[in-house]
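Asker: Sharing a structure with you now.
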Amino acid sequence: MASLNIEHLKYKYPGTDRLALNDISLSIETGEFIGIIGRNESGKSSLCQAIAGLIPNFYKGAYGGKVLIDDIEVKKVPVDELCETVGTVFQNPFNQVTGAKATVYEEIAFGLENMGVPKEEMIRRIDRAMELLDISKYRDRYPFDLSGGQMQRMAIAGVIAMHPQVIILDEPTSQLDPQGREEVFQAVQKLCGQGITIILVEHNMEKIAQYSNRVALLDAGTLIDFDTPQKIFSRVDLEQYGVEAPVYTQIGKRLNLTIEDTGCYPVTLEEAKTVLLRKGGNDPVWL
Amino acid sequence: MAVIEIKDLHFSYTAEEEVIKGMNFTIDARSTAIIGQNGAGKTTFAKLLKGLLKPTKGEILLNGTSTKDMTVAMLAKQVGMVFQNPNDQIFKYQVLDEVLFGPLQIGMAKENARRKAEQALEAVGLTGLETTNPYDLGLSARKLVAVASILAMDTEVILFDEPTIAQDYAGKERLKEIVRQLRNQGKTVITITHDMNFVADAFERTIVFAGGKMIADDDTKSVFLQKDVLEKAYLEQPDVMKLCTELGWRESVLSIDEFVSAIQK
């Protein structure tokens, strides 16, 4: 059974004429890693807010269709209850950290305390979350003394300790240095392996291609396509939707190099290496 | 073109820890990217150059004058800085008023300020949104308002702090073009960024900070070939160069065009 079903979702912000989400339907299986891409204002964040129930329960406006998580219609669940099912990680961890807690451990406990989770269960969940995100060694550190990557992993730990079935990440690594970014992506991939469904909004197409099982391409509030990264990034009309394919796909397109069994262009470093070695790219004549 | 000399620069926010630990280099005509791990001292350096912070030891000389001897108002005429978070910068209710604020504050004549503001809005692609409230715009467009408001001041030095955050393909391409145009106009362009592909595409020179020190300073390609430096600064190569490395090429390239040409030759 699909863990997340979106059926004919439509939404218009108050005081606007345009549909921010225009008849979107898609099904996501439990434990999938989904990338959402599209130009700015294409509806990516609105879709995330609808999955998290903030639309229509916090942001009012005209709403139609359904978002179902395991047959629970999210708009019928109060936002404070839904955060036990859907967790959201913001772009900037500074916006997520409470600022009221003295240690990483207490910060991760914050959500659980508010949910009224019993102490023993709370300790178990926090330890598990810290282990999963590889931040146990920082448990007694002051949250604001952490690096950006460490702080973002702490923010994710706070979300996963609440045991959500779905985690939404809205450009979670844009403010991080490259290694901090990689740390976060690897931690998120590990969560996926634990059966948590990941929804990732990201402008870094190389990361989307590297980590996503499937990619949703949005434009003007409409779902243009929902398929594997290879199929999405091989589209000839991609730039029309304000999206630049990963560097490796662009090289594949320019050199007309495709992956043998799929006919798609490469999207990751590994795939590009494979198709180029097939062509003899390790020994360019010019060197 | 402005001449910027950094001489034995030190800075600390608290008595216990130095954030900038003795830097020496000169900014020249090349477009320059400053890269490094979170907390390496990049934004602190930008604030020192902008005069928002004063060195605890050493100095920054701008065209021969120490920034210690200049007020923020004096420096504002020469150094423009686009903040990482546009919300730290924007406070007017209309886009045009925001973009006009800087030029008028530094004493530009009204007509000239208006012309510069219109040109700046055109450069960032926001013409037509002059009467819009900046806070009715999305983060990416709001960042471009912040860029326009600095471009309109027509300063000799322009500092960008993480300009590509939240920008889509079109926004990044526009920023690359702005950097190129500023460079062609003889402006000194310095950018702090974590976006290695942006550095590879748009900057001639790259400086690497780690732990408050400058650990590398060279043309962009040479810097990205220094694996020990990248490792120390928690950085990585741009994606095209990663592919060259994976393929075991004896020479690396930075751009897709160079890569494709190399294969097709």
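By convention here, the chains of the structure tokens are called A, B, ... in the order presented, each chain's residues are numbered starting at 1, and ligands are numbered starting at 1 in the order presented.
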Dump as number ranges by chain the residues of chain A that approach chain B to within 10 Å, counting only C-alpha atoms.
Answerer: A: 37-41, 91, 146-149, 171, 173-181, 202-206, 239, 241-248, 250-252, 254-255, 268-270, 272-274, 276-277, 279-287
Asker: Please return, as a list in words, all residues of range 58-154 of chain A that DSSP assigns to strand (DSSP E or B) on the basis of the backbone.
Answerer: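 Those residues are Ala62, Tyr63, Gly64, Gly65, Lys66, Val67, Leu68, Ile69, Ile72, Glu73, Val86, Gly87, Thr88 and Val89 of chain A.
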Asker: Go ahead and dump the residues you just picked, N, CA, C and O atoms, as a PDB file, in the first residue's frame.
Answerer:
ATOM      1  N   ALA A  62      -8.209  28.585  -0.995  1.00  0.00           N
ATOM      2  CA  ALA A  62      -9.097  27.618  -1.648  1.00  0.00           C
ATOM      3  C   ALA A  62      -8.371  26.288  -1.797  1.00  0.00           C
ATOM      4  O   ALA A  62      -7.257  26.247  -2.323  1.00  0.00           O
ATOM      5  N   TYR A  63      -8.978  25.215  -1.333  1.00  0.00           N
ATOM      6  CA  TYR A  63      -8.319  23.901  -1.294  1.00  0.00           C
ATOM      7  C   TYR A  63      -9.250  22.855  -1.848  1.00  0.00           C
ATOM      8  O   TYR A  63     -10.450  22.832  -1.542  1.00  0.00           O
ATOM      9  N   GLY A  64      -8.699  21.981  -2.674  1.00  0.00           N
ATOM     10  CA  GLY A  64      -9.502  20.876  -3.187  1.00  0.00           C
ATOM     11  C   GLY A  64      -8.636  19.634  -3.312  1.00  0.00           C
ATOM     12  O   GLY A  64      -7.413  19.716  -3.335  1.00  0.00           O
ATOM     13  N   GLY A  65      -9.273  18.461  -3.388  1.00  0.00           N
ATOM     14  CA  GLY A  65      -8.525  17.209  -3.486  1.00  0.00           C
ATOM     15  C   GLY A  65      -8.118  16.697  -2.114  1.00  0.00           C
ATOM     16  O   GLY A  65      -8.612  17.195  -1.085  1.00  0.00           O
ATOM     17  N   LYS A  66      -7.220  15.708  -2.117  1.00  0.00           N
ATOM     18  CA  LYS A  66      -6.866  15.054  -0.847  1.00  0.00           C
ATOM     19  C   LYS A  66      -5.375  14.740  -0.768  1.00  0.00           C
ATOM     20  O   LYS A  66      -4.756  14.405  -1.772  1.00  0.00           O
ATOM     21  N   VAL A  67      -4.849  14.817   0.459  1.00  0.00           N
ATOM     22  CA  VAL A  67      -3.524  14.261   0.742  1.00  0.00           C
ATOM     23  C   VAL A  67      -3.755  13.190   1.810  1.00  0.00           C
ATOM     24  O   VAL A  67      -4.269  13.498   2.891  1.00  0.00           O
ATOM     25  N   LEU A  68      -3.416  11.948   1.472  1.00  0.00           N
ATOM     26  CA  LEU A  68      -3.647  10.833   2.396  1.00  0.00           C
ATOM     27  C   LEU A  68      -2.325  10.187   2.795  1.00  0.00           C
ATOM     28  O   LEU A  68      -1.510   9.865   1.927  1.00  0.00           O
ATOM     29  N   ILE A  69      -2.125  10.020   4.088  1.00  0.00           N
ATOM     30  CA  ILE A  69      -0.970   9.244   4.554  1.00  0.00           C
ATOM     31  C   ILE A  69      -1.543   8.016   5.261  1.00  0.00           C
ATOM     32  O   ILE A  69      -2.213   8.152   6.288  1.00  0.00           O
ATOM     33  N   ILE A  72      -5.078   8.290   6.158  1.00  0.00           N
ATOM     34  CA  ILE A  72      -5.474   9.398   7.030  1.00  0.00           C
ATOM     35  C   ILE A  72      -5.409  10.683   6.203  1.00  0.00           C
ATOM     36  O   ILE A  72      -4.367  10.987   5.600  1.00  0.00           O
ATOM     37  N   GLU A  73      -6.516  11.404   6.150  1.00  0.00           N
ATOM     38  CA  GLU A  73      -6.528  12.630   5.352  1.00  0.00           C
ATOM     39  C   GLU A  73      -5.890  13.750   6.179  1.00  0.00           C
ATOM     40  O   GLU A  73      -6.408  14.120   7.241  1.00  0.00           O
ATOM     41  N   VAL A  86       4.279  13.500   9.990  1.00  0.00           N
ATOM     42  CA  VAL A  86       5.097  14.161   8.970  1.00  0.00           C
ATOM     43  C   VAL A  86       6.033  15.152   9.662  1.00  0.00           C
ATOM     44  O   VAL A  86       5.578  16.067  10.349  1.00  0.00           O
ATOM     45  N   GLY A  87       7.318  14.985   9.489  1.00  0.00           N
ATOM     46  CA  GLY A  87       8.286  15.920  10.061  1.00  0.00           C
ATOM     47  C   GLY A  87       8.849  16.816   8.977  1.00  0.00           C
ATOM     48  O   GLY A  87       8.975  16.400   7.823  1.00  0.00           O
ATOM     49  N   THR A  88       9.157  18.051   9.339  1.00  0.00           N
ATOM     50  CA  THR A  88       9.717  18.983   8.358  1.00  0.00           C
ATOM     51  C   THR A  88      11.055  19.513   8.853  1.00  0.00           C
ATOM     52  O   THR A  88      11.178  19.914  10.006  1.00  0.00           O
ATOM     53  N   VAL A  89      12.035  19.504   7.962  1.00  0.00           N
ATOM     54  CA  VAL A  89      13.348  20.081   8.257  1.00  0.00           C
ATOM     55  C   VAL A  89      13.512  21.318   7.390  1.00  0.00           C
ATOM     56  O   VAL A  89      13.391  21.245   6.168  1.00  0.00           O
TER      57      VAL A  89
END
Asker: Using the chain letters and numbers from this document, which residues of range 78-246 of chain A does DSSP assign to alpha helix (DSSP H), as a PyMOL selection string?
Answerer: chain A and resi 79-82+104-115+119-132+148-160+178-193+205-211+229-234
Asker: Within 7 Å of range 116-123 of chain B, counting only C-alpha atoms, which residues show up once you throw out same-chain ones fewer than 3 positions away? Write them as JSON, numbers by chain, please.
Answerer: {"B": [99, 100, 112, 113, 126, 127, 148, 151, 152]}
Asker: Looking at A:Gly99, A:Pro56, A:Gly263, A:Gly221, which one is nearest to Arg235 in chain A, with distances taken over only C-alpha atoms?
Answerer: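 Of A:Gly99, A:Pro56, A:Gly263, A:Gly221, the one nearest Arg235 in chain A, counting only C-alpha atoms, is A:Gly263.
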Asker: Pick the closest to Arg183 in chain B from B:Thr220, B:Thr32, B:Thr132, B:Thr67: which is it, counting only C-alpha atoms?
Answerer: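 That would be B:Thr32, the residue with the smallest distance to Arg183 in chain B.
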Asker: Need to verify the contact set: Ala52 in chain A, 9 Å, only C-alpha atoms, exclusion of same-chain residues closer than 3 positions in sequence. Can you return it as a PyMOL selection string?
Answerer: chain A and resi 47-49+55+74-75+79+82-83+85-88+166+168
